[in-house]
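> There's a structure below that I have some questions on.
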Amino acid sequence: MNAQLKEIQVEQVDVVIIGGGPAGLAAAAELYRRGIHNLLVIEREKQLGGILRQCIHDGFGLTRFQTALSGPEYAQRFIDTIEELNIPYITDATVLEVTHERQVTAVTREGMRTWQAKAVILTMGCRERTRGAIGIPGERPTGVLTAGVAQAYMNLFNTMPAKEVVILGSGDIGMIMARRLTLEGAHVKAVFEIQPYPSGLPRNIEQCLNDYDIPLYLSHGITAIHGNTRLTGVTVSKVDENFKPIPGTEKEYKCDTLILSVGLIPENELSLDAGVILDERTRGALVDENFQTAAEGIFAAGNVLHVHDLVDFVSIEAESLADSVAKYVIEGSLKPAAISINTDCNIGYTVPQRVSGEKEFTLSLRVKRPMKDCRIVVRQAGKEVAVKKMKKAIPAEMIRFVISHEKLVSGSDLEVCVEC
Amino acid sequence: MKQLYDVLIIGGGVIGSAIAREMSRYRLKIGVLEKNLDVCCETSGRNSGVVHGGFAYNTDSLKAKLCVEGNKIMGQLSEELDFAFQRCGKVLVGNTPEDQESLERTMKQGKANGVSGMELIGKERLHELVPAVIGEFAMYSAESGIVDPFGYTIALAENAAENGVDYFFDNEVTAIERDADSNYVITTSAGTFYSRWVVNSAGLGCGKISELLGIGGYKIIGSKGDYIILDKRTGPLLPMPVYPVPSNTYMGIHVTNTTDGNVIVGPNADLTDNFTYYGVSQENMDYLASSASDLWPCIHKKDYIRNYSGILPKWVDENGAIQDFKIEVQDLKAPRAINLIGIESPGLTAAVPIARYAVGLMAEREKLTLNSSFNPIRKGVVRFAELSKEEQNLKILENPEYGEVICRCETVTKAEILQAIHNPLGVDTMTGIKYRTRSMMGRCQGGYCQMRIAQLLEQELGKKEDQIQYARKGSQMFFGKVRQEVES
């Protein structure tokens with residue numbers, strides 16, 4: 001045994017929160033207010049704030065703070081709270097492992113550190129789907145990058161990654177980058193979306209594309225990428241209802257950059273190793289109304305749980321788990337959730353996926369396709385227990401409503417469906 | 001004053017770098033001319049990474065002989081040179097009586113080639129070895145394995161450089177002449193070089209360089225193969241490569257585990273005369289997935305990380321029949337020129353024996369003096385992710401840069417990135433860092449780390465944004481700054 005070998009001490013803590021972005025910070029502040037002071041937020045970057053640090057556009061906070069803020073401003077409100085309350089956090093620390101027994105190990109510049117927590121909150125956010133993940137055919141030049149990477153290059157690293165641009169995918173970040181690139185002198189030729197409807201929010205189509213005369217083509221996909229050094233162009237085709245390219249509709253676009261805004265994937269590699277079970281639909285954890293995952297004492301909120309369209313709801317979701325986590329830390333267990341929430345073919349997913357039936361909860365869901373004048377109905381054993389009327393429901397907008405436990409009974413699952 | 005080299009090696013792939021290293025055992029002034037910006041940009045880096053047993057090649061061929069030798073020494077090489085190699089074995093899976101006969105023939109040929117560790121196994125044993133496989137029986141080759149083709153090629157090149165070999169990147173050979181002293185005068189895209197000996201290890205360019213040397217008549221065709229890379233989550237389902245029953249000329253679409261725990265699916269084999277097109281078509285991706293799923297039903301689109309392709313240079317006769325490796329010196333047409341033609345698969349496995357064979361041709365023609373200071377040992381970039389927690393802790397206490405994770409998918413630290421940036425070959429591209437550290441090779445494909453790596457390249461090497469290249473010359477990453485900083 002090496003005499004120098006310094007043993008890694010295990011530090012005891014009530015709650016470890018992995019990720020100091022909007023979800024982690026909101027959860028930390030609310031937990032602290034509920035009397036859980038022995039907690040720790042672990043952030044891998046040099047500063048708190050998560051992805052908001054690079055989101056310098058405004059439009060954040062309309063729900064949570066009733067005012068329009070930029071991403072850094074929105075994050076700063078939470079960071080200020082953390083600082084005021086003296087909530088413990090560390091930055092520059094990358095978590096490598098979370099065990100089923102809630103032991104958390106991170107790499108820091110001071111060495112490896114390990115904590116034994118009573119509860120762990122997963123707030124690691126999500127990553128972007130890449131070219132390789134969606135398997136776009138063609139050559140592999142440089143100049144094909146995800147919208148978030150382009151955003152980081154421009155807003156955090158002051159580096160210009162593009163001049164002549166085509167964007168694939170009408171996700172919100174893609175549209176925001178269309179505007180940002182245009183403002184910095186790049187020429188955005190078009191945005192192509194494979195679905196027959198936009199995947200981002202209507203306000204971004206208006207403010208980021210229409211205001212700058214950037215065309216959006218629906219039901220179009222990229223069928224080839226050209227160039228063996230820097231990108232020289234892409235081939236675009238119309239697609240049919242099965243997303244198959246329609247022969248004869250190919251069109252070439254010359255460009256040096258292809259920006260991809262083709263979806264986000266909750267970042268759950270740590271969660272899987274801890275024994276958390278994922279929902280194939282959200283690619284986030286299966287949770288109950290306490291946001292507790294299949295691994296006891298491990299909770300999840302924000303984009304690591306399901307991808308949100310508005311950061312306000314990330315914060316609100318993370319704040320709402322504080323009660324349950326505080327209770328878990330003090331009492332050591334929570335009521336089991338035996339009622340599953342099932343969905344019909346029009347619903348993409350729900351969060352939570354199961355409940356105890358003994359407490360009020362907020363149901364978050366997305367519809368699978370745009371619908372008008374519909375009712376979202378929650379039934380138990382054939383009986384309506386909640387209804388939300390929607391003039392318009394689109395996949396880009398998460399739908400949330402509160403369901404009271406008073407009408408719920410035990411022993412029977414909930415069914416969520418859309419009726420037009 | 002012009003520098004006269006004893007040997008100039010054209011092409012710094014796995015073959016050229018193996019030759020450079022083998023020649024650096026002798027007192028020779030050696031240079032390598034490489035047209036790309038790094039050493040494994042073409043065939044050497046674009047393949048299955050399989051260390052072949054040597055049973056698939058005609059007995060008495062150079063392919064068989066050098067492959068069997070290469071297989072035997074791979075363990076020792078990986079220890080000397082610090083690259084990833086696993087002798088994990090492999091299976092060739094069959095279902096029909098014809099398959100059975102074919103595998104028996106393959107085994108017989110393998111035995112004649114001097115391959116050990118082969119056996120025909122039944123369904124039960126096959127499923128013990130690879131539980132997820134579909135198939136009735138198999139030929140199991142215990143001596144087959146996998147190697148990290150980037151790490152292997154880079155290791156050979158770095159060890160050569162550490163033993164005094166000069167590497168010249170971005171030097172594409174355009175003309176070869178001989179001067180009055182009968183020395184070779186080699187013109188490249190960047191300058192003129194002089195040498196007594198020349199080695200043609202140009203891979204896909206071997207036909208062209210051979211012509212420039214005055215040795216015409218070799219017909220080279222490309223066999224292009226596409227691959228899909230799967231997420232590391234699939235790695236545990238594939239403990240060794242799974243192949244179909246091979247034909248005489250083609251190994252078939254297989255699934256291969258990598259030394260880093262991913263799975264690669266491929267390749268198809270499309271003949272091509274375009275040696276610079278590495279695109280992958282939708283049809284081929286779909287075909288690879290459906291074809292390989294018949295062997296190993298664990299291929300799902302949600303696990304796709306990336307696709308790539310590689311081109312093998314095959315020497316063919318006038319009828320298109322694929323020929324053996326050719327390693328020759330034609331003393332009359334091109335004295336002191338070692339000409340390597342059609343070095344395709346199993347070139348990766350056979351690289352060092354090929355190099356020794358080439359050195360042998362030289363030694364037959366002039367006396368070589370041993371270089372007493374030759375050091376066969378080379379150390380690569382430390383892999384933080386592969387250490388135990390206690391070792392990781394120690395590393396950080398020694399050097400806090402190990403305590404900063406730059407690439408989160410592959411857990412690559414700043415210390416490793418810095419080691420890679422200051423590599424012995426002076427490679428300064430993004431893929432140079434990627435191949436040396438695995439950063440940007442994980443499931444997010446550089447979404448988290450590439451900005452930091454580009455910034456570190458700028459800072460450490462004093463480069464401007466628009467000087468950062470991704471891989472090949474011209475693969476500029478940036479167009480300058482977004483806003484100019486104003487001096488206050």
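Residues are referred to by chain and number: the chain letter is A, B, ... according to the order shown in the structure tokens, the number counts from 1 in that chain, and ligands are numbered separately from 1 in the order shown.
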Contacts from chain A to chain B, 8 Å maximum, only C-alpha atoms: show me the residue list as a VMD selection string.
chain A and resid 5 to 8 92 to 94 107 to 112 127 to 143 146 148 to 149 152 to 154 157 to 163 184 223 to 224 228 to 230
> Extract, using only C-alpha atoms, all DNA, RNA and protein residues at most 9 Å from Leu129 (chain B), discarding same-chain residues fewer than 3 positions from it, and format them as a list of chain:residue names.
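Listing them by chain and then by number gives B:Val91, B:Glu124, B:Arg125, B:Leu126, B:Val133, B:Pro239, B:Met240.
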> Taking 4 positions as the minimum chain separation for residues in the same chain, which residues sit within 12 Å of Thr63 (chain A) when counting only C-alpha atoms? Answer as a list in words.
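Within the cut-off, the hits are Gly59, Thr67, Ala68, Leu69, Tyr74, Leu310, Val311, Asp312, Phe313, Val314, Ser315 and Ile316 of chain A.
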> Hey, can you spit out that residue selection with N, CA and C atoms as a CSV table (one decimal), in the first residue's frame?

chain,number,residue,atom,x,y,z
A,59,GLY,N,-37.0,37.0,-22.1
A,59,GLY,CA,-38.2,36.2,-22.2
A,59,GLY,C,-38.3,35.2,-21.1
A,67,THR,N,-41.9,39.2,-15.0
A,67,THR,CA,-41.2,40.2,-15.7
A,67,THR,C,-40.2,39.4,-16.7
A,68,ALA,N,-39.9,40.1,-17.7
A,68,ALA,CA,-39.0,39.5,-18.7
A,68,ALA,C,-37.6,39.7,-18.3
A,69,LEU,N,-36.8,38.6,-18.2
A,69,LEU,CA,-35.4,38.7,-17.8
A,69,LEU,C,-34.6,37.9,-18.9
A,74,TYR,N,-32.1,35.9,-14.9
A,74,TYR,CA,-33.0,34.9,-14.2
A,74,TYR,C,-32.2,34.1,-13.2
A,310,LEU,N,-40.2,26.1,-20.9
A,310,LEU,CA,-39.9,27.3,-20.2
A,310,LEU,C,-39.2,27.1,-18.9
A,311,VAL,N,-38.2,27.9,-18.6
A,311,VAL,CA,-37.4,27.7,-17.4
A,311,VAL,C,-38.2,27.9,-16.2
A,312,ASP,N,-39.2,28.8,-16.3
A,312,ASP,CA,-40.0,29.1,-15.1
A,312,ASP,C,-40.6,27.8,-14.5
A,313,PHE,N,-41.0,26.9,-15.4
A,313,PHE,CA,-41.6,25.7,-14.9
A,313,PHE,C,-40.6,24.7,-14.4
A,314,VAL,N,-39.4,24.9,-14.8
A,314,VAL,CA,-38.3,24.1,-14.3
A,314,VAL,C,-38.1,24.5,-12.8
A,315,SER,N,-38.0,25.8,-12.6
A,315,SER,CA,-37.9,26.3,-11.2
A,315,SER,C,-39.1,25.9,-10.3
A,316,ILE,N,-40.3,26.1,-10.9
A,316,ILE,CA,-41.5,25.8,-10.1
A,316,ILE,C,-41.5,24.3,-9.7
> Step one, run DSSP on the backbone; step two, keep only residues of region 209-414 of chain A assigned to strand (DSSP E or B); then write them as a PyMOL selection string.
chain A and resi 216-217+220-226+230+233-239+245+251-254+257-260+264-266+278+285+292+298-300+339-343+347-351+354-355+361-367+371-380+383-393+399-403+414
> Do you know which residues are at most 8 Å from Lys35 (chain B) counting only C-alpha atoms, after dropping those on the same chain fewer than 3 positions away, and could you put them as a ChimeraX atom specification?
/B:11,169-173
> How about saving the chosen residues, all heavy atoms kept, as a compact mmCIF listing (two decimals), in the first residue's frame?

# COMPACT_ATOMS: atom_id res chain seq x y z
N GLY B 11 3.95 8.85 -46.31
CA GLY B 11 2.73 8.32 -45.70
C GLY B 11 2.97 7.94 -44.26
O GLY B 11 3.74 7.01 -43.99
N PHE B 169 4.03 17.25 -41.47
CA PHE B 169 2.61 17.18 -41.85
C PHE B 169 2.32 18.21 -42.93
O PHE B 169 3.12 19.11 -43.19
CB PHE B 169 1.73 17.43 -40.62
CG PHE B 169 1.86 16.33 -39.60
CD1 PHE B 169 2.59 16.50 -38.44
CD2 PHE B 169 1.29 15.08 -39.84
CE1 PHE B 169 2.74 15.48 -37.52
CE2 PHE B 169 1.44 14.05 -38.93
CZ PHE B 169 2.17 14.25 -37.76
N ASP B 170 1.15 18.06 -43.55
CA ASP B 170 0.73 19.00 -44.59
C ASP B 170 1.74 19.03 -45.73
O ASP B 170 2.01 20.07 -46.31
CB ASP B 170 0.55 20.41 -43.95
CG ASP B 170 -0.26 21.33 -44.82
OD1 ASP B 170 -0.85 20.85 -45.82
OD2 ASP B 170 -0.31 22.54 -44.52
N ASN B 171 2.33 17.87 -46.01
CA ASN B 171 3.32 17.75 -47.10
C ASN B 171 2.86 16.64 -48.04
O ASN B 171 3.17 15.46 -47.83
CB ASN B 171 4.70 17.42 -46.54
CG ASN B 171 5.50 18.66 -46.22
OD1 ASN B 171 6.14 19.25 -47.09
ND2 ASN B 171 5.45 19.08 -44.96
N GLU B 172 2.12 17.03 -49.05
CA GLU B 172 1.66 16.06 -50.04
C GLU B 172 2.70 15.97 -51.16
O GLU B 172 3.07 16.99 -51.75
CB GLU B 172 0.30 16.47 -50.61
CG GLU B 172 -0.21 15.47 -51.62
CD GLU B 172 -1.68 15.67 -51.96
OE1 GLU B 172 -2.26 16.69 -51.54
OE2 GLU B 172 -2.23 14.80 -52.66
N VAL B 173 3.14 14.75 -51.43
CA VAL B 173 4.20 14.57 -52.44
C VAL B 173 3.62 14.78 -53.83
O VAL B 173 2.60 14.18 -54.19
CB VAL B 173 4.85 13.18 -52.31
CG1 VAL B 173 5.80 12.91 -53.46
CG2 VAL B 173 5.56 13.07 -50.96
> May I have all residues of region 40-273 of chain B that DSSP, computed from the backbone, assigns to helix (DSSP H, G or I), given as a PyMOL selection string?
chain B and resi 62-81+97-113+123-129+149-162+203-213+232-237
> Between CA of Ser356 (chain A) and CA of Gly275 (chain A), what is the distance in Å, rounded to a tenth?
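Calculated distance between CA of Ser356 (chain A) and CA of Gly275 (chain A) is 21.1 Å.
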> Excluding Asn342 (chain A) and residues on its chain fewer than 3 positions from it, collect all residues at most 10 Å away from it, counting only C-alpha atoms, and give them as a list of chain:residue names.
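In the requested form, the answer reads A:Ile339, A:Ile347, A:Tyr349, A:Thr350, A:Gln353, A:Arg354, A:Val378, A:Arg379, A:Asp413, A:Leu414, A:Glu415, A:Val416, A:Cys417.
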> Could you turn the residues from that selection into a file that holds N, CA and C atoms, as an mmCIF file, in the first residue's frame?

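For reference, out.cif as written:
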data_model
loop_
_atom_site.group_PDB
_atom_site.id
_atom_site.type_symbol
_atom_site.label_atom_id
_atom_site.label_comp_id
_atom_site.auth_asym_id
_atom_site.auth_seq_id
_atom_site.Cartn_x
_atom_site.Cartn_y
_atom_site.Cartn_z
ATOM 1 N N ILE A 339 -50.697 4.007 -7.682
ATOM 2 C CA ILE A 339 -51.622 4.280 -8.797
ATOM 3 C C ILE A 339 -50.816 4.722 -10.021
ATOM 4 N N ILE A 347 -51.466 11.492 -26.113
ATOM 5 C CA ILE A 347 -50.618 12.088 -25.075
ATOM 6 C C ILE A 347 -49.197 11.548 -25.238
ATOM 7 N N TYR A 349 -46.578 12.031 -23.023
ATOM 8 C CA TYR A 349 -46.142 11.491 -21.736
ATOM 9 C C TYR A 349 -46.806 12.269 -20.608
ATOM 10 N N THR A 350 -46.707 11.756 -19.409
ATOM 11 C CA THR A 350 -47.075 12.553 -18.233
ATOM 12 C C THR A 350 -45.940 12.476 -17.219
ATOM 13 N N GLN A 353 -45.555 9.732 -13.312
ATOM 14 C CA GLN A 353 -46.111 8.553 -13.984
ATOM 15 C C GLN A 353 -46.879 7.671 -13.005
ATOM 16 N N ARG A 354 -46.729 7.936 -11.705
ATOM 17 C CA ARG A 354 -47.526 7.225 -10.707
ATOM 18 C C ARG A 354 -47.701 8.115 -9.478
ATOM 19 N N VAL A 378 -58.961 13.306 -17.170
ATOM 20 C CA VAL A 378 -58.343 12.296 -16.317
ATOM 21 C C VAL A 378 -59.464 11.468 -15.692
ATOM 22 N N ARG A 379 -59.406 10.164 -15.900
ATOM 23 C CA ARG A 379 -60.454 9.285 -15.377
ATOM 24 C C ARG A 379 -59.848 8.242 -14.460
ATOM 25 N N ASP A 413 -55.991 2.476 -11.551
ATOM 26 C CA ASP A 413 -55.090 3.398 -12.234
ATOM 27 C C ASP A 413 -55.833 4.596 -12.808
ATOM 28 N N LEU A 414 -55.075 5.635 -13.112
ATOM 29 C CA LEU A 414 -55.643 6.820 -13.762
ATOM 30 C C LEU A 414 -55.418 6.708 -15.272
ATOM 31 N N GLU A 415 -56.407 7.172 -16.040
ATOM 32 C CA GLU A 415 -56.276 7.211 -17.500
ATOM 33 C C GLU A 415 -56.340 8.670 -17.928
ATOM 34 N N VAL A 416 -55.372 9.103 -18.736
ATOM 35 C CA VAL A 416 -55.403 10.464 -19.257
ATOM 36 C C VAL A 416 -55.643 10.381 -20.758
ATOM 37 N N CYS A 417 -56.641 11.128 -21.245
ATOM 38 C CA CYS A 417 -56.884 11.096 -22.681
ATOM 39 C C CYS A 417 -57.304 12.467 -23.188
#
> Give me, as a ChimeraX atom specification, all polymer residues having an atom no more than 10 Å from Thr259 (chain B), counting only C-alpha atoms and skipping those fewer than 3 positions away in the same chain.
/B:49-50,83-86,88,145-149,235,256,262-263
> Using N, CA and C atoms, can you export the residues from the last selection as a PDB file, in the first residue's frame?

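And here's again_26.pdb as it stands now:
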ATOM      1  N   GLY B  49     -10.758  -1.885 -36.206  1.00  0.00           N
ATOM      2  CA  GLY B  49      -9.894  -2.013 -35.028  1.00  0.00           C
ATOM      3  C   GLY B  49      -9.731  -3.450 -34.560  1.00  0.00           C
ATOM      4  N   VAL B  50      -9.880  -4.394 -35.503  1.00  0.00           N
ATOM      5  CA  VAL B  50      -9.774  -5.806 -35.115  1.00  0.00           C
ATOM      6  C   VAL B  50      -8.338  -6.296 -35.351  1.00  0.00           C
ATOM      7  N   PHE B  83      -0.614   1.422 -25.695  1.00  0.00           N
ATOM      8  CA  PHE B  83      -1.898   1.627 -26.396  1.00  0.00           C
ATOM      9  C   PHE B  83      -2.842   0.493 -26.018  1.00  0.00           C
ATOM     10  N   ALA B  84      -4.137   0.720 -26.239  1.00  0.00           N
ATOM     11  CA  ALA B  84      -5.140  -0.238 -25.778  1.00  0.00           C
ATOM     12  C   ALA B  84      -5.246  -1.418 -26.730  1.00  0.00           C
ATOM     13  N   PHE B  85      -5.093  -2.618 -26.185  1.00  0.00           N
ATOM     14  CA  PHE B  85      -5.235  -3.859 -26.953  1.00  0.00           C
ATOM     15  C   PHE B  85      -5.856  -4.894 -26.032  1.00  0.00           C
ATOM     16  N   GLN B  86      -6.840  -5.613 -26.536  1.00  0.00           N
ATOM     17  CA  GLN B  86      -7.451  -6.689 -25.753  1.00  0.00           C
ATOM     18  C   GLN B  86      -7.528  -7.944 -26.611  1.00  0.00           C
ATOM     19  N   CYS B  88      -9.476 -10.425 -26.888  1.00  0.00           N
ATOM     20  CA  CYS B  88     -10.798 -10.818 -26.383  1.00  0.00           C
ATOM     21  C   CYS B  88     -11.371 -12.024 -27.133  1.00  0.00           C
ATOM     22  N   GLY B 145      -8.368 -10.283 -31.476  1.00  0.00           N
ATOM     23  CA  GLY B 145      -8.548  -9.242 -30.468  1.00  0.00           C
ATOM     24  C   GLY B 145      -8.952  -7.919 -31.079  1.00  0.00           C
ATOM     25  N   ILE B 146      -8.897  -6.892 -30.267  1.00  0.00           N
ATOM     26  CA  ILE B 146      -9.237  -5.537 -30.718  1.00  0.00           C
ATOM     27  C   ILE B 146      -8.158  -4.577 -30.237  1.00  0.00           C
ATOM     28  N   VAL B 147      -7.996  -3.516 -31.012  1.00  0.00           N
ATOM     29  CA  VAL B 147      -6.976  -2.520 -30.700  1.00  0.00           C
ATOM     30  C   VAL B 147      -7.602  -1.139 -30.924  1.00  0.00           C
ATOM     31  N   ASP B 148      -7.067  -0.145 -30.235  1.00  0.00           N
ATOM     32  CA  ASP B 148      -7.479   1.232 -30.520  1.00  0.00           C
ATOM     33  C   ASP B 148      -6.624   1.710 -31.693  1.00  0.00           C
ATOM     34  N   PRO B 149      -7.210   1.807 -32.897  1.00  0.00           N
ATOM     35  CA  PRO B 149      -6.373   2.088 -34.070  1.00  0.00           C
ATOM     36  C   PRO B 149      -5.702   3.458 -34.012  1.00  0.00           C
ATOM     37  N   GLY B 235     -22.029  -1.730 -24.889  1.00  0.00           N
ATOM     38  CA  GLY B 235     -20.760  -2.457 -24.800  1.00  0.00           C
ATOM     39  C   GLY B 235     -20.844  -3.783 -24.054  1.00  0.00           C
ATOM     40  N   THR B 256     -18.457  -5.153 -33.711  1.00  0.00           N
ATOM     41  CA  THR B 256     -17.161  -5.204 -33.039  1.00  0.00           C
ATOM     42  C   THR B 256     -17.218  -4.357 -31.775  1.00  0.00           C
ATOM     43  N   ASN B 262     -17.406   0.888 -26.675  1.00  0.00           N
ATOM     44  CA  ASN B 262     -18.508   1.109 -27.612  1.00  0.00           C
ATOM     45  C   ASN B 262     -18.680  -0.142 -28.466  1.00  0.00           C
ATOM     46  N   VAL B 263     -19.667  -0.097 -29.347  1.00  0.00           N
ATOM     47  CA  VAL B 263     -19.839  -1.154 -30.341  1.00  0.00           C
ATOM     48  C   VAL B 263     -19.862  -0.476 -31.698  1.00  0.00           C
TER      49      VAL B 263
END
> If you count only C-alpha atoms, which residues fall within 10 Å of Ser261 (chain A), apart from same-chain ones fewer than 5 positions away, as a VMD selection string?
chain A and resid 128 to 131 145 to 148 167 to 175 177 191 to 193 199 to 200
> For the residues in the current selection, export N, CA, C and O atoms as a CSV table (one decimal), in the first residue's frame.

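Result saved to part_23.csv:
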chain,number,residue,atom,x,y,z
A,128,GLU,N,-28.0,18.0,-26.0
A,128,GLU,CA,-28.6,18.1,-27.3
A,128,GLU,C,-28.4,16.8,-28.1
A,128,GLU,O,-27.4,16.2,-28.0
A,129,ARG,N,-29.4,16.5,-28.9
A,129,ARG,CA,-29.3,15.4,-29.8
A,129,ARG,C,-28.4,15.9,-30.9
A,129,ARG,O,-28.4,17.0,-31.3
A,130,THR,N,-27.5,14.9,-31.3
A,130,THR,CA,-26.5,15.3,-32.3
A,130,THR,C,-26.8,14.8,-33.7
A,130,THR,O,-27.7,14.0,-33.9
A,131,ARG,N,-25.9,15.1,-34.6
A,131,ARG,CA,-26.0,14.6,-36.0
A,131,ARG,C,-25.9,13.1,-36.0
A,131,ARG,O,-26.7,12.4,-36.6
A,145,LEU,N,-23.0,21.8,-36.3
A,145,LEU,CA,-23.0,21.8,-34.9
A,145,LEU,C,-24.4,22.1,-34.3
A,145,LEU,O,-25.3,22.6,-35.0
A,146,THR,N,-24.5,21.7,-33.1
A,146,THR,CA,-25.8,21.8,-32.4
A,146,THR,C,-26.0,23.3,-32.0
A,146,THR,O,-25.1,24.1,-31.9
A,147,ALA,N,-27.3,23.7,-31.9
A,147,ALA,CA,-27.6,25.1,-31.6
A,147,ALA,C,-27.0,25.5,-30.3
A,147,ALA,O,-26.5,26.7,-30.2
A,148,GLY,N,-27.0,24.7,-29.3
A,148,GLY,CA,-26.4,25.0,-28.0
A,148,GLY,C,-24.9,25.2,-28.0
A,148,GLY,O,-24.4,26.1,-27.3
A,167,ILE,N,-30.5,25.9,-40.9
A,167,ILE,CA,-30.8,25.3,-39.6
A,167,ILE,C,-31.7,24.2,-39.8
A,167,ILE,O,-32.7,24.3,-40.6
A,168,LEU,N,-31.4,23.1,-39.2
A,168,LEU,CA,-32.3,21.9,-39.2
A,168,LEU,C,-33.0,21.8,-37.8
A,168,LEU,O,-32.3,21.7,-36.8
A,169,GLY,N,-34.3,21.8,-37.8
A,169,GLY,CA,-35.1,21.6,-36.6
A,169,GLY,C,-35.6,23.0,-36.1
A,169,GLY,O,-34.8,24.0,-36.1
A,170,SER,N,-36.9,23.0,-35.7
A,170,SER,CA,-37.4,24.3,-35.3
A,170,SER,C,-37.6,24.3,-33.8
A,170,SER,O,-38.5,24.9,-33.3
A,171,GLY,N,-36.6,23.7,-33.1
A,171,GLY,CA,-36.6,23.8,-31.6
A,171,GLY,C,-36.3,25.2,-31.2
A,171,GLY,O,-35.8,26.0,-32.0
A,172,ASP,N,-36.7,25.6,-30.0
A,172,ASP,CA,-36.5,26.9,-29.6
A,172,ASP,C,-35.1,27.5,-29.7
A,172,ASP,O,-34.9,28.6,-30.1
A,173,ILE,N,-34.1,26.7,-29.3
A,173,ILE,CA,-32.7,27.2,-29.3
A,173,ILE,C,-32.3,27.4,-30.7
A,173,ILE,O,-31.6,28.4,-31.0
A,174,GLY,N,-32.8,26.6,-31.7
A,174,GLY,CA,-32.4,26.8,-33.1
A,174,GLY,C,-33.0,28.1,-33.6
A,174,GLY,O,-32.2,28.9,-34.3
A,175,MET,N,-34.2,28.4,-33.2
A,175,MET,CA,-34.8,29.7,-33.7
A,175,MET,C,-34.1,30.9,-33.0
A,175,MET,O,-33.8,31.9,-33.7
A,177,MET,N,-31.1,31.0,-32.1
A,177,MET,CA,-29.8,31.1,-32.7
A,177,MET,C,-29.9,31.7,-34.1
A,177,MET,O,-29.0,32.4,-34.6
A,191,VAL,N,-34.8,27.7,-42.1
A,191,VAL,CA,-35.0,26.7,-41.1
A,191,VAL,C,-35.9,25.5,-41.7
A,191,VAL,O,-36.9,25.8,-42.2
A,192,PHE,N,-35.4,24.3,-41.5
A,192,PHE,CA,-36.2,23.1,-42.0
A,192,PHE,C,-36.6,22.3,-40.8
A,192,PHE,O,-35.8,22.0,-39.9
A,193,GLU,N,-37.9,21.9,-40.9
A,193,GLU,CA,-38.4,21.1,-39.8
A,193,GLU,C,-39.0,19.8,-40.4
A,193,GLU,O,-39.8,19.9,-41.4
A,199,SER,N,-41.6,22.7,-33.9
A,199,SER,CA,-41.4,22.1,-32.6
A,199,SER,C,-41.1,23.1,-31.5
A,199,SER,O,-41.1,22.8,-30.3
A,200,GLY,N,-40.9,24.3,-31.8
A,200,GLY,CA,-40.7,25.4,-30.8
A,200,GLY,C,-41.9,26.2,-30.6
A,200,GLY,O,-43.0,26.0,-31.2
> Which residue is closest to Val265 (chain B)? Choose from B:Ser48, B:Met251, B:Ile453, B:Lys434 and count only C-alpha atoms.
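Closest to Val265 (chain B) of all the choices is B:Ser48.
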> Which residue, B:Asn163, B:Gln76, B:Asn339, B:Gln419, has the smallest gap to Tyr218 (chain B) when you use only C-alpha atoms?
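Between B:Asn163, B:Gln76, B:Asn339, B:Gln419, the residue approaching Tyr218 (chain B) most closely is B:Asn339.
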> Interatomic distance between CA of Gly221 (chain A) and CA of Thr257 (chain A)?
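Straight-line distance from CA of Gly221 (chain A) to CA of Thr257 (chain A) works out to 15.7 Å.
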> Find the residue from B:Leu332, B:Leu77, B:Leu295, B:Leu238 that sits nearest to Gly135 (chain B); use only C-alpha atoms when measuring.
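Among the listed residues, the smallest separation from Gly135 (chain B) belongs to B:Leu295.
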